[in-house]
file my_file_26.csv (CSV, C-alpha atoms)
chain,number,residue,atom,x,y,z
Y,288,MET,CA,-271.6,104.5,-149.2
Y,289,GLY,CA,-269.2,102.8,-146.8
Y,290,GLY,CA,-266.9,101.8,-149.6
Y,291,MET,CA,-267.0,105.2,-151.1
Y,292,ARG,CA,-266.2,106.8,-147.8
Y,293,SER,CA,-263.2,104.5,-147.3
Y,294,LEU,CA,-261.8,105.6,-150.7
Y,295,LEU,CA,-262.3,109.3,-149.9
Y,296,PHE,CA,-261.0,109.0,-146.3
Y,297,PRO,CA,-258.2,106.3,-146.1
Y,298,PRO,CA,-257.5,104.8,-142.7
Y,299,ALA,CA,-255.4,106.7,-140.2
Y,300,PHE,CA,-252.5,105.0,-138.5
Y,301,LYS,CA,-251.9,106.3,-135.0
Y,302,GLY,CA,-249.0,104.0,-134.1
Y,303,ARG,CA,-245.8,106.0,-134.1
Y,304,LEU,CA,-243.3,103.2,-134.9
Y,305,HIS,CA,-244.3,103.0,-138.6
Y,306,ASP,CA,-241.4,105.4,-139.3
Y,307,ALA,CA,-238.3,105.4,-141.4
Y,308,ARG,CA,-235.9,104.9,-138.5
Y,309,THR,CA,-237.7,101.6,-137.4
Y,310,ALA,CA,-237.9,100.5,-141.0
Y,311,THR,CA,-234.2,101.2,-141.6
Y,312,SER,CA,-233.1,99.4,-138.4
Y,313,ILE,CA,-235.0,96.2,-139.3
Y,314,GLY,CA,-234.1,96.6,-143.0
Y,315,ARG,CA,-230.4,96.3,-142.2
Y,316,TRP,CA,-230.9,93.0,-140.5
Y,317,LEU,CA,-233.2,91.8,-143.2
Y,318,GLY,CA,-230.8,92.9,-145.9
Y,319,LEU,CA,-228.0,90.9,-144.2
Y,320,ALA,CA,-230.1,87.8,-144.0
Y,321,PHE,CA,-231.1,88.1,-147.6
Y,322,MET,CA,-227.5,88.6,-148.7
Y,323,VAL,CA,-226.3,85.5,-146.9
Y,324,CYS,CA,-229.2,83.5,-148.2
Y,325,PHE,CA,-228.7,84.7,-151.7
Y,326,VAL,CA,-225.0,84.0,-151.9
Y,327,THR,CA,-225.2,80.6,-150.2
Y,328,GLY,CA,-228.2,79.8,-152.5
Y,329,LEU,CA,-226.0,80.5,-155.6
Y,330,ILE,CA,-223.4,78.2,-154.2
Y,331,SER,CA,-226.0,75.5,-153.6
Y,332,HIS,CA,-227.4,75.8,-157.1
Y,333,ALA,CA,-223.9,75.7,-158.6
Y,334,TRP,CA,-223.1,72.5,-156.8
Y,335,GLN,CA,-226.4,70.8,-157.8
Y,336,HIS,CA,-226.7,72.1,-161.3
Y,337,PRO,CA,-223.2,73.4,-162.4
Y,338,PRO,CA,-222.9,75.2,-165.7
Y,339,GLY,CA,-220.7,73.4,-168.2
Y,340,TRP,CA,-217.7,75.6,-167.7
Y,341,LEU,CA,-217.7,74.9,-164.0
Y,342,ALA,CA,-218.8,71.3,-163.8
Y,343,ASP,CA,-215.3,69.8,-164.0
Y,344,ASP,CA,-213.7,72.2,-161.5
Y,345,LEU,CA,-216.0,72.1,-158.4
Y,346,PRO,CA,-213.7,71.7,-155.4
Y,347,SER,CA,-214.0,68.6,-153.2
Y,348,ARG,CA,-212.4,70.3,-150.2
Y,349,PRO,CA,-213.0,71.4,-147.6
Y,350,GLU,CA,-215.1,68.3,-147.1
Y,351,TRP,CA,-217.6,70.2,-144.9
Y,352,GLY,CA,-217.9,73.1,-147.3
Y,353,TYR,CA,-221.4,72.3,-148.6
Y,354,ARG,CA,-222.6,71.5,-145.1
Y,355,LEU,CA,-221.6,74.9,-143.9
Y,356,THR,CA,-223.0,76.9,-146.9
Y,357,GLN,CA,-226.3,75.1,-147.1
Y,358,GLY,CA,-226.7,75.2,-143.3
Y,359,LEU,CA,-226.2,79.0,-143.5
Y,360,HIS,CA,-228.6,79.2,-146.4
Y,361,VAL,CA,-231.5,77.6,-144.6
Y,362,ALA,CA,-230.7,79.3,-141.3
Y,363,SER,CA,-230.6,82.7,-142.8
Y,364,GLY,CA,-233.8,82.0,-144.8
Y,365,ILE,CA,-235.6,81.0,-141.6
Y,366,ALA,CA,-234.2,84.0,-139.7
Y,367,ALA,CA,-235.5,86.3,-142.5
Y,368,ILE,CA,-239.1,85.3,-141.8
Y,369,PRO,CA,-239.7,87.3,-138.6
Y,370,LEU,CA,-237.6,90.1,-140.0
Y,371,LEU,CA,-239.7,90.3,-143.1
Y,372,LEU,CA,-242.9,90.2,-141.1
Y,373,ALA,CA,-241.6,93.0,-138.9
Y,374,LYS,CA,-240.5,95.0,-141.9
Y,375,LEU,CA,-243.8,94.7,-143.6
Y,376,TRP,CA,-245.6,95.7,-140.4
Y,377,THR,CA,-243.5,98.8,-140.2
Y,378,VAL,CA,-244.2,100.0,-143.7
Y,379,TYR,CA,-247.6,98.7,-144.5
Y,380,PRO,CA,-249.5,102.0,-143.7
Y,381,ARG,CA,-247.8,103.4,-146.8
Y,382,LEU,CA,-250.0,101.1,-148.9
Y,383,PHE,CA,-252.9,103.4,-147.9
Y,384,ALA,CA,-251.1,106.6,-148.8
Y,385,TRP,CA,-253.3,109.0,-150.8
Y,386,PRO,CA,-253.1,109.7,-153.6
Y,387,PRO,CA,-251.8,106.2,-154.5
Y,388,VAL,CA,-249.7,107.5,-157.4
Y,389,ARG,CA,-248.3,111.0,-157.4
Y,390,SER,CA,-245.9,110.9,-160.4
Y,391,VAL,CA,-244.3,108.5,-162.8
Y,392,ARG,CA,-241.3,108.1,-160.5
Y,393,HIS,CA,-243.6,107.3,-157.6
Y,394,ALA,CA,-245.5,104.8,-159.7
Y,395,LEU,CA,-242.3,103.0,-160.6
Y,396,GLU,CA,-241.2,103.0,-157.0
Y,397,ARG,CA,-244.5,101.5,-155.8
Y,398,LEU,CA,-244.3,98.9,-158.6
Y,399,SER,CA,-240.7,97.9,-157.6
Y,400,VAL,CA,-241.8,97.6,-153.9
Y,401,ALA,CA,-244.7,95.4,-155.0
Y,402,VAL,CA,-242.4,93.1,-156.9
Y,403,LEU,CA,-239.9,93.0,-154.0
Y,404,VAL,CA,-242.5,92.2,-151.4
Y,405,ALA,CA,-244.2,89.5,-153.6
Y,406,ALA,CA,-240.9,87.9,-154.5
Y,407,ALA,CA,-239.5,88.0,-151.0
Y,408,VAL,CA,-242.7,86.4,-149.5
Y,409,PHE,CA,-242.6,83.8,-152.2
Y,410,GLU,CA,-239.0,82.9,-151.5
Y,411,VAL,CA,-239.2,82.5,-147.7
Y,412,ALA,CA,-242.5,80.7,-147.9
Y,413,THR,CA,-241.5,78.1,-150.6
Y,414,GLY,CA,-238.1,77.7,-149.0
Y,415,LEU,CA,-239.6,77.0,-145.6
Y,416,LEU,CA,-242.0,74.4,-147.2
Y,417,ASN,CA,-239.0,72.8,-149.0
Y,418,THR,CA,-237.3,72.1,-145.6
Y,419,ALA,CA,-240.4,70.0,-144.8
Y,420,GLN,CA,-240.4,68.5,-148.3
Y,421,TRP,CA,-244.0,69.7,-148.9
Y,422,TYR,CA,-244.7,70.9,-152.4
Y,423,PRO,CA,-248.3,72.1,-152.7
Y,424,TRP,CA,-247.7,73.7,-156.1
Y,425,PRO,CA,-247.5,72.4,-159.7
Y,426,PHE,CA,-244.1,73.8,-160.6
Y,427,SER,CA,-240.6,72.4,-160.0
Y,428,PHE,CA,-239.2,74.0,-156.9
Y,429,VAL,CA,-235.5,74.3,-157.7
Y,430,PRO,CA,-235.5,76.3,-161.0
Y,431,VAL,CA,-238.4,78.6,-159.9
Y,432,HIS,CA,-236.9,79.3,-156.4
Y,433,TYR,CA,-233.6,80.1,-158.1
Y,434,ALA,CA,-235.1,82.4,-160.7
Y,435,VAL,CA,-237.2,84.3,-158.1
Y,436,ALA,CA,-234.0,84.7,-156.0
Y,437,TRP,CA,-232.6,86.8,-158.8
Y,438,LEU,CA,-235.8,88.8,-158.9
Y,439,VAL,CA,-235.5,89.5,-155.2
Y,440,ALA,CA,-231.9,90.5,-155.5
Y,441,GLY,CA,-232.6,92.9,-158.5
Y,442,SER,CA,-235.7,94.5,-156.9
Y,443,LEU,CA,-233.8,94.9,-153.6
Y,444,VAL,CA,-230.9,96.7,-155.3
Y,445,LEU,CA,-233.4,99.0,-157.1
Y,446,HIS,CA,-235.3,99.6,-153.9
Y,447,LEU,CA,-232.1,100.5,-152.0
Y,448,ALA,CA,-231.1,102.9,-154.8
Y,449,VAL,CA,-234.5,104.7,-154.7
Y,450,LYS,CA,-234.5,104.8,-150.9
Y,451,ALA,CA,-230.9,105.7,-150.4
Y,452,PRO,CA,-231.5,109.3,-149.2
Y,453,GLU,CA,-234.1,108.2,-146.7
Y,454,ILE,CA,-232.0,105.3,-145.5
Y,455,ARG,CA,-228.9,107.5,-145.1
Y,456,ALA,CA,-231.0,110.1,-143.1
Y,457,HIS,CA,-232.1,107.4,-140.6
Y,458,TRP,CA,-229.1,105.1,-140.6
Y,459,SER,CA,-227.9,105.8,-137.0
Y,460,ARG,CA,-229.2,107.4,-133.8
Y,461,ARG,CA,-227.3,110.6,-134.7
Y,462,SER,CA,-228.5,110.8,-138.3
Y,463,ALA,CA,-230.4,113.9,-139.2
Y,464,GLY,CA,-233.7,112.1,-139.9
Y,465,THR,CA,-233.5,110.1,-136.7
Y,466,LEU,CA,-232.9,113.3,-134.6
Y,467,ALA,CA,-235.9,114.9,-136.2
Y,468,LEU,CA,-238.2,112.1,-134.8
Y,469,SER,CA,-239.8,112.4,-131.4
Y,470,GLU,CA,-237.6,111.3,-128.6
Y,471,GLU,CA,-240.6,109.8,-126.8
Y,472,ASP,CA,-240.7,107.0,-129.3
Y,473,ALA,CA,-237.1,105.8,-128.7
Y,474,PRO,CA,-237.8,103.5,-125.8
Y,475,SER,CA,-240.7,101.8,-127.6
Y,476,ARG,CA,-238.6,101.5,-130.7
Y,477,ARG,CA,-235.8,99.8,-128.8
Y,478,SER,CA,-238.4,97.4,-127.2
Y,479,LEU,CA,-239.8,96.6,-130.6
Y,480,LEU,CA,-236.3,95.9,-132.1
Y,481,ALA,CA,-235.4,93.8,-129.0
Y,482,ALA,CA,-238.6,91.7,-129.6
Y,483,VAL,CA,-237.7,91.2,-133.2
Y,484,ALA,CA,-234.2,90.2,-132.3
Y,485,GLY,CA,-235.6,87.7,-129.8
Y,486,ALA,CA,-237.9,86.2,-132.4
Y,487,VAL,CA,-235.0,85.8,-134.8
Y,488,GLY,CA,-232.9,84.2,-132.1
Y,489,ALA,CA,-235.8,81.9,-131.1
Y,490,VAL,CA,-236.5,80.5,-134.6
Y,491,THR,CA,-232.7,80.1,-135.2
Y,492,VAL,CA,-231.9,78.3,-132.0
Y,493,THR,CA,-234.9,75.9,-132.4
Y,494,THR,CA,-234.1,75.0,-136.0
Y,495,VAL,CA,-230.3,75.3,-136.6
Y,496,GLY,CA,-229.6,72.2,-134.7
Y,497,GLN,CA,-230.6,70.1,-137.7
Y,498,SER,CA,-227.2,71.0,-139.2
Y,499,PHE,CA,-225.3,72.5,-136.2
Y,500,THR,CA,-225.4,69.3,-134.2
Y,501,PRO,CA,-224.2,70.8,-130.8
Y,502,LEU,CA,-227.7,72.3,-130.7
Y,503,LYS,CA,-229.6,69.2,-131.9
Y,504,ASP,CA,-231.4,68.8,-128.7
Y,505,LEU,CA,-233.1,72.2,-129.2
Y,506,THR,CA,-234.6,71.4,-132.7
Y,507,LEU,CA,-238.2,72.0,-131.5
Y,508,LEU,CA,-239.2,73.6,-134.8
Y,509,ALA,CA,-237.0,71.8,-137.3
Y,510,PRO,CA,-238.6,69.2,-139.5
Y,511,ARG,CA,-235.5,66.9,-139.1
Y,512,HIS,CA,-233.5,65.8,-136.1
Y,513,PRO,CA,-230.0,64.7,-137.2
Y,514,ASP,CA,-230.1,61.5,-135.1
Y,515,HIS,CA,-233.5,60.3,-136.2
Y,516,GLY,CA,-233.4,57.7,-139.0
Y,517,PRO,CA,-232.1,54.2,-139.8
Y,518,GLN,CA,-228.5,53.7,-138.5
Y,519,GLY,CA,-228.7,57.1,-136.7
Y,520,LEU,CA,-228.9,59.1,-139.9
Y,521,PRO,CA,-232.0,60.8,-141.5
Y,522,VAL,CA,-233.3,59.6,-144.9
Y,523,ASN,CA,-235.0,61.7,-147.5
Y,524,ARG,CA,-235.9,59.0,-150.1
Y,525,THR,CA,-236.6,55.5,-148.9
Y,526,ALA,CA,-235.9,52.4,-151.0
Y,527,ALA,CA,-239.6,51.9,-151.4
Y,528,ALA,CA,-240.1,55.4,-152.6
Y,529,ALA,CA,-237.3,54.9,-155.1
Y,530,GLY,CA,-238.8,51.6,-156.4
Y,531,VAL,CA,-235.7,49.6,-155.4
Y,532,GLY,CA,-236.8,47.3,-152.7
Y,533,LEU,CA,-234.4,44.7,-151.3
Y,534,ILE,CA,-231.6,43.9,-153.7
Y,535,PRO,CA,-230.4,40.3,-153.3
Y,536,ALA,CA,-226.6,40.3,-152.7
Y,537,GLU,CA,-226.1,37.4,-155.1
Y,538,ARG,CA,-227.7,39.2,-157.9
Y,539,TYR,CA,-226.0,42.6,-157.5
Y,540,ARG,CA,-223.5,43.7,-160.1
Y,541,LEU,CA,-221.5,46.9,-160.4
Y,542,THR,CA,-220.6,47.8,-163.9
Y,543,VAL,CA,-217.6,50.1,-164.5
Y,544,ALA,CA,-217.6,51.4,-168.0
Y,545,GLY,CA,-214.4,52.9,-169.3
Y,546,PRO,CA,-211.4,52.1,-171.6
Y,547,GLN,CA,-211.1,48.8,-169.8
Y,548,PRO,CA,-214.6,48.0,-168.6
Y,549,TYR,CA,-215.4,45.3,-166.0
Y,550,THR,CA,-218.1,44.1,-163.7
Y,551,LEU,CA,-217.9,43.3,-160.0
Y,552,THR,CA,-220.1,41.2,-157.7
Y,553,LEU,CA,-220.9,42.4,-154.2
Y,554,ASP,CA,-218.5,39.8,-152.8
Y,555,GLU,CA,-215.8,41.0,-155.1
Y,556,LEU,CA,-216.4,44.6,-154.0
Y,557,ARG,CA,-216.1,43.5,-150.4
Y,558,GLY,CA,-212.8,41.8,-151.2
Y,559,LEU,CA,-211.2,44.9,-152.5
Y,560,PRO,CA,-209.2,47.2,-150.2
Y,561,GLN,CA,-211.6,48.9,-147.9
Y,562,HIS,CA,-211.1,52.5,-146.7
Y,563,GLU,CA,-212.8,54.4,-143.8
Y,564,VAL,CA,-213.7,58.0,-143.9
Y,565,GLU,CA,-215.8,60.4,-141.9
Y,566,LEU,CA,-218.0,62.6,-144.1
Y,567,PRO,CA,-221.2,64.5,-143.7
Y,568,ILE,CA,-224.4,64.0,-145.5
Y,569,ALA,CA,-225.6,67.6,-146.1
Y,570,CYS,CA,-229.1,67.9,-147.7
Y,571,VAL,CA,-230.6,70.9,-149.5
Y,572,GLU,CA,-233.4,71.0,-146.9
Y,573,GLY,CA,-230.9,72.1,-144.4
Y,574,TRP,CA,-230.1,69.1,-142.2
Y,575,SER,CA,-226.7,67.5,-142.1
Y,576,LYS,CA,-224.7,65.0,-140.0
Y,577,SER,CA,-221.3,63.4,-140.1
Y,578,ALA,CA,-221.0,59.6,-140.2
Y,579,HIS,CA,-218.4,56.9,-140.6
Y,580,TRP,CA,-218.3,55.3,-144.0
Y,581,THR,CA,-216.4,52.2,-145.2
Y,582,GLY,CA,-216.0,51.2,-148.8
Y,583,VAL,CA,-213.9,51.2,-152.0
Y,584,ARG,CA,-212.3,54.3,-153.3
Y,585,VAL,CA,-213.8,55.5,-156.6
Y,586,MET,CA,-210.3,56.5,-157.8
Y,587,ASP,CA,-209.1,52.9,-157.4
Y,588,LEU,CA,-212.1,51.7,-159.5
Y,589,LEU,CA,-211.4,54.3,-162.2
Y,590,GLU,CA,-207.7,53.4,-162.3
Y,591,ARG,CA,-208.6,49.8,-162.9
Y,592,ALA,CA,-210.9,50.8,-165.7
Y,593,GLY,CA,-208.0,52.8,-167.4
Y,594,ALA,CA,-209.6,56.2,-166.8
Y,595,PRO,CA,-207.3,59.2,-167.5
Y,596,PRO,CA,-206.3,61.3,-164.5
Y,597,HIS,CA,-208.8,64.2,-165.3
Y,598,ALA,CA,-211.8,62.0,-166.3
Y,599,ARG,CA,-215.2,62.8,-165.0
Y,600,VAL,CA,-217.6,60.1,-163.9
Y,601,ARG,CA,-221.3,59.5,-164.3
Y,602,VAL,CA,-222.9,57.6,-161.4
Y,603,VAL,CA,-226.1,55.6,-162.2
Y,604,SER,CA,-228.5,54.3,-159.6
Y,605,LEU,CA,-230.7,51.2,-159.7
Y,606,GLN,CA,-233.7,53.2,-158.5
Y,607,THR,CA,-236.6,53.1,-160.9
Y,608,ARG,CA,-238.4,56.4,-160.1
Y,609,GLY,CA,-237.7,59.8,-158.6
Y,610,GLY,CA,-235.2,62.5,-159.5
Y,611,TYR,CA,-231.4,62.4,-159.3
Y,612,ARG,CA,-231.2,58.8,-160.5
Y,613,VAL,CA,-228.0,59.9,-162.4
Y,614,SER,CA,-225.4,62.3,-161.1
Y,615,GLU,CA,-222.0,63.3,-162.4
Y,616,MET,CA,-218.7,64.1,-160.7
Y,617,GLY,CA,-215.9,66.3,-162.0
Y,618,HIS,CA,-212.4,65.0,-161.7
Y,619,GLU,CA,-211.8,66.8,-158.3
Y,620,HIS,CA,-214.5,64.7,-156.7
Y,621,ALA,CA,-213.9,61.5,-158.7
Y,622,HIS,CA,-210.2,61.3,-157.9
Y,623,ASP,CA,-210.4,62.5,-154.3
Y,624,SER,CA,-209.2,59.8,-151.8
Y,625,LEU,CA,-212.3,60.5,-149.6
Y,626,THR,CA,-214.8,59.6,-152.4
Y,627,LEU,CA,-216.0,56.1,-151.8
Y,628,LEU,CA,-218.5,53.6,-153.0
Y,629,ALA,CA,-219.6,52.9,-149.5
Y,630,LEU,CA,-220.7,49.4,-148.3
Y,631,ARG,CA,-221.0,50.2,-144.6
Y,632,LEU,CA,-222.3,53.0,-142.4
Y,633,ASN,CA,-221.2,53.5,-138.8
Y,634,GLY,CA,-219.7,50.0,-138.7
Y,635,GLU,CA,-222.8,48.3,-140.1
Y,636,GLU,CA,-223.9,47.1,-143.5
Y,637,LEU,CA,-225.9,49.7,-145.3
Y,638,SER,CA,-229.7,49.5,-144.7
Y,639,PRO,CA,-231.9,49.5,-147.8
Y,640,ASP,CA,-233.0,53.1,-147.2
Y,641,HIS,CA,-229.3,54.2,-147.0
Y,642,GLY,CA,-228.5,52.6,-150.4
Y,643,TYR,CA,-227.8,48.9,-149.8
Y,644,PRO,CA,-225.8,47.4,-151.2
Y,645,VAL,CA,-223.6,50.3,-152.5
Y,646,ARG,CA,-223.9,54.0,-152.4
Y,647,LEU,CA,-221.7,57.0,-153.2
Y,648,ILE,CA,-220.3,59.2,-150.5
Y,649,ALA,CA,-218.0,62.1,-151.5
Y,650,PRO,CA,-216.7,65.3,-149.8
Y,651,ASN,CA,-218.3,68.7,-150.2
Y,652,ARG,CA,-221.3,67.4,-152.2
Y,653,PRO,CA,-225.0,67.9,-151.8
Y,654,GLY,CA,-226.9,65.0,-150.3
Y,655,VAL,CA,-229.1,64.6,-153.4
Y,656,LEU,CA,-226.0,63.8,-155.4
Y,657,GLN,CA,-224.7,61.2,-153.0
Y,658,THR,CA,-226.3,58.6,-155.2
Y,659,LYS,CA,-227.7,55.5,-153.5
Y,660,TRP,CA,-228.2,52.0,-154.9
Y,661,VAL,CA,-225.3,52.5,-157.3
Y,662,GLY,CA,-225.3,50.1,-160.2
Y,663,ARG,CA,-223.0,51.7,-162.7
Y,664,LEU,CA,-220.0,54.0,-163.0
Y,665,GLU,CA,-219.3,55.5,-166.4
Y,666,VAL,CA,-215.9,57.2,-167.3
Y,667,LEU,CA,-216.5,60.4,-169.2
Y,668,SER,CA,-213.8,62.1,-171.3
call {"tool": "encode", "arguments": {"input": "my_file_26.csv", "output": "structure tokens"}}
result
Amino acid sequence: MGGMRSLLFPPAFKGRLHDARTATSIGRWLGLAFMVCFVTGLISHAWQHPPGWLADDLPSRPEWGYRLTQGLHVASGIAAIPLLLAKLWTVYPRLFAWPPVRSVRHALERLSVAVLVAAAVFEVATGLLNTAQWYPWPFSFVPVHYAVAWLVAGSLVLHLAVKAPEIRAHWSRRSAGTLALSEEDAPSRRSLLAAVAGAVGAVTVTTVGQSFTPLKDLTLLAPRHPDHGPQGLPVNRTAAAAGVGLIPAERYRLTVAGPQPYTLTLDELRGLPQHEVELPIACVEGWSKSAHWTGVRVMDLLERAGAPPHARVRVVSLQTRGGYRVSEMGHEHAHDSLTLLALRLNGEELSPDHGYPVRLIAPNRPGVLQTKWVGRLEVLS
């Protein structure tokens, strides 16, 4: 009988802030966070998995470009979490509206909202777990996260189109819909919005220091601290995890395959002109930090191999397991004077976890493509 009664008499919500004005105010912030996250996510995906028509023309400058866009991507995604929770709290009584479907249009509206909510929750949840490199699911994170991002964007556009009249009526304090609400609720609404803004500020300040290093001492909730790691730089994949171990210097060989192929020992690499650059490692999980690198310019190695000026390059690692063993660079990165096969980090020989004896470091490039334990360069036409 209790279940039948709950169906006949749906719950009543006496809270007065489950209204369109509150939902619109929070929705504006949430929409901005989603927009920044979506655009920077597209940039991140293009840099990691460029389509064929773009692969050769990805810019290598500014050198801090990927660090900025990926830092914004993760920061806006984290900021969206309290905003999404507050938005869902504001509108959830509508889940119990009776009757549940009043027309075909209403049914389609509710279906679009269900898709939007499910996709949005999926995106922020999986994105947050990715920052901690925890993957408790059977699918590959990157392609699924990318596909669902488009689902969020499409369902959000549809939702805004359906709700446009209501949003317009409650957009500002002087809008007609807002003026029709009780003035007694205005102080409580302002308090709620201030609390939500405080929550957004708190999670941002305590996590953004993993990429915005002036705030690194406040990274209470971030899974990475930019100073924690061998040689003062974090590591995602260790040498042991990659199946590399310690590579004896006397056995190392770098093969450069091109029109004029050649092989170099580690001592021969050390004997070539060495260049110093300051470049960031910027990882997809959101952390980044600049460091001083010393090594041989890739463009000099390519010139010696007789590579044409617009040649692309394939970089092959000595690692035996794990993703991103092979990466490719378009001519912009391959012929940039800042792109090195680095032998030293912050004045010291590379540690095994940072790619000893040789690793790639290039400007404006995701950390997963800064190949470690490099054993081969291949000139591509």
call {"tool": "atom_distance", "arguments": {"input": "my_file_26.csv", "atom1": "CA of Thr525 (chain Y)", "atom2": "CA of Glu635 (chain Y)"}}
result
17.9 Å
call {"tool": "atom_distance", "arguments": {"input": "my_file_26.csv", "atom1": "CA of Ile313 (chain Y)", "atom2": "CA of Leu468 (chain Y)"}}
result
16.8 Å
call {"tool": "closest_atom_pairs", "arguments": {"input": "my_file_26.csv", "of": "region 296-366 of chain Y", "to": "region 620-634 of chain Y", "cutoff": "10 Å", "atoms": "only C-alpha atoms", "output": "JSON lines"}}
result
{"residue": "Y:Asp343", "atom": "CA", "partner": "Y:His620", "partner_atom": "CA", "distance": 8.9}
{"residue": "Y:Asp344", "atom": "CA", "partner": "Y:His620", "partner_atom": "CA", "distance": 8.9}
{"residue": "Y:Leu345", "atom": "CA", "partner": "Y:His620", "partner_atom": "CA", "distance": 7.7}
{"residue": "Y:Pro346", "atom": "CA", "partner": "Y:His620", "partner_atom": "CA", "distance": 7.2}
{"residue": "Y:Ser347", "atom": "CA", "partner": "Y:His620", "partner_atom": "CA", "distance": 5.3}
{"residue": "Y:Arg348", "atom": "CA", "partner": "Y:His620", "partner_atom": "CA", "distance": 8.8}
{"residue": "Y:Glu350", "atom": "CA", "partner": "Y:Leu625", "partner_atom": "CA", "distance": 8.7}
call {"tool": "closest_residue", "arguments": {"input": "my_file_26.csv", "among": "Y:Ala310, Y:Val402, Y:Val585, Y:Ile330", "to": "Asn651 (chain Y)", "atoms": "all atoms listed in the file"}}
result
Y:Ile330
call {"tool": "atom_distance", "arguments": {"input": "my_file_26.csv", "atom1": "CA of Ala489 (chain Y)", "atom2": "CA of Asn417 (chain Y)"}}
result
20.3 Å
call {"tool": "closest_residue", "arguments": {"input": "my_file_26.csv", "among": "Y:Tyr433, Y:Trp340, Y:Tyr353, Y:Trp458", "to": "Ser312 (chain Y)", "atoms": "only C-alpha atoms"}}
result
Y:Trp458
call {"tool": "closest_residue", "arguments": {"input": "my_file_26.csv", "among": "Y:Gln606, Y:Leu403, Y:Ala362, Y:Arg477", "to": "Gly496 (chain Y)", "atoms": "only C-alpha atoms"}}
result
Y:Ala362
call {"tool": "residues_near_point", "arguments": {"input": "my_file_26.csv", "point": "(-209.6, 57.6, -171.0)", "cutoff": "6 Å", "atoms": "all atoms listed in the file", "output": "PDB file with C-alpha atoms, in the coordinates of the input"}}
result
ATOM      1  CA  PRO Y 546    -211.400  52.100-171.600  1.00  0.00           C
ATOM      2  CA  ALA Y 594    -209.600  56.200-166.800  1.00  0.00           C
ATOM      3  CA  PRO Y 595    -207.300  59.200-167.500  1.00  0.00           C
TER       4      PRO Y 595
END
call {"tool": "residues_around", "arguments": {"input": "my_file_26.csv", "residues": "Thr493 (chain Y)", "least_positions_apart": "6", "cutoff": "9 Å", "atoms": "all atoms listed in the file", "output": "mmCIF file with C-alpha atoms, keeping the file's coordinate frame"}}
result
data_model
loop_
_atom_site.group_PDB
_atom_site.id
_atom_site.type_symbol
_atom_site.label_atom_id
_atom_site.label_comp_id
_atom_site.auth_asym_id
_atom_site.auth_seq_id
_atom_site.Cartn_x
_atom_site.Cartn_y
_atom_site.Cartn_z
ATOM 1 C CA LEU Y 502 -227.700 72.300 -130.700
ATOM 2 C CA LYS Y 503 -229.600 69.200 -131.900
ATOM 3 C CA ASP Y 504 -231.400 68.800 -128.700
ATOM 4 C CA LEU Y 505 -233.100 72.200 -129.200
ATOM 5 C CA THR Y 506 -234.600 71.400 -132.700
ATOM 6 C CA LEU Y 507 -238.200 72.000 -131.500
ATOM 7 C CA LEU Y 508 -239.200 73.600 -134.800
ATOM 8 C CA ALA Y 509 -237.000 71.800 -137.300
#
call {"tool": "closest_residue", "arguments": {"input": "my_file_26.csv", "among": "Y:Val391, Y:Leu443, Y:Val571, Y:Leu304", "to": "Val429 (chain Y)", "atoms": "all atoms listed in the file"}}
result
Y:Val571
call {"tool": "closest_residue", "arguments": {"input": "my_file_26.csv", "among": "Y:His393, Y:Arg608, Y:Arg524, Y:Arg381", "to": "Pro639 (chain Y)", "atoms": "only C-alpha atoms"}}
result
Y:Arg524
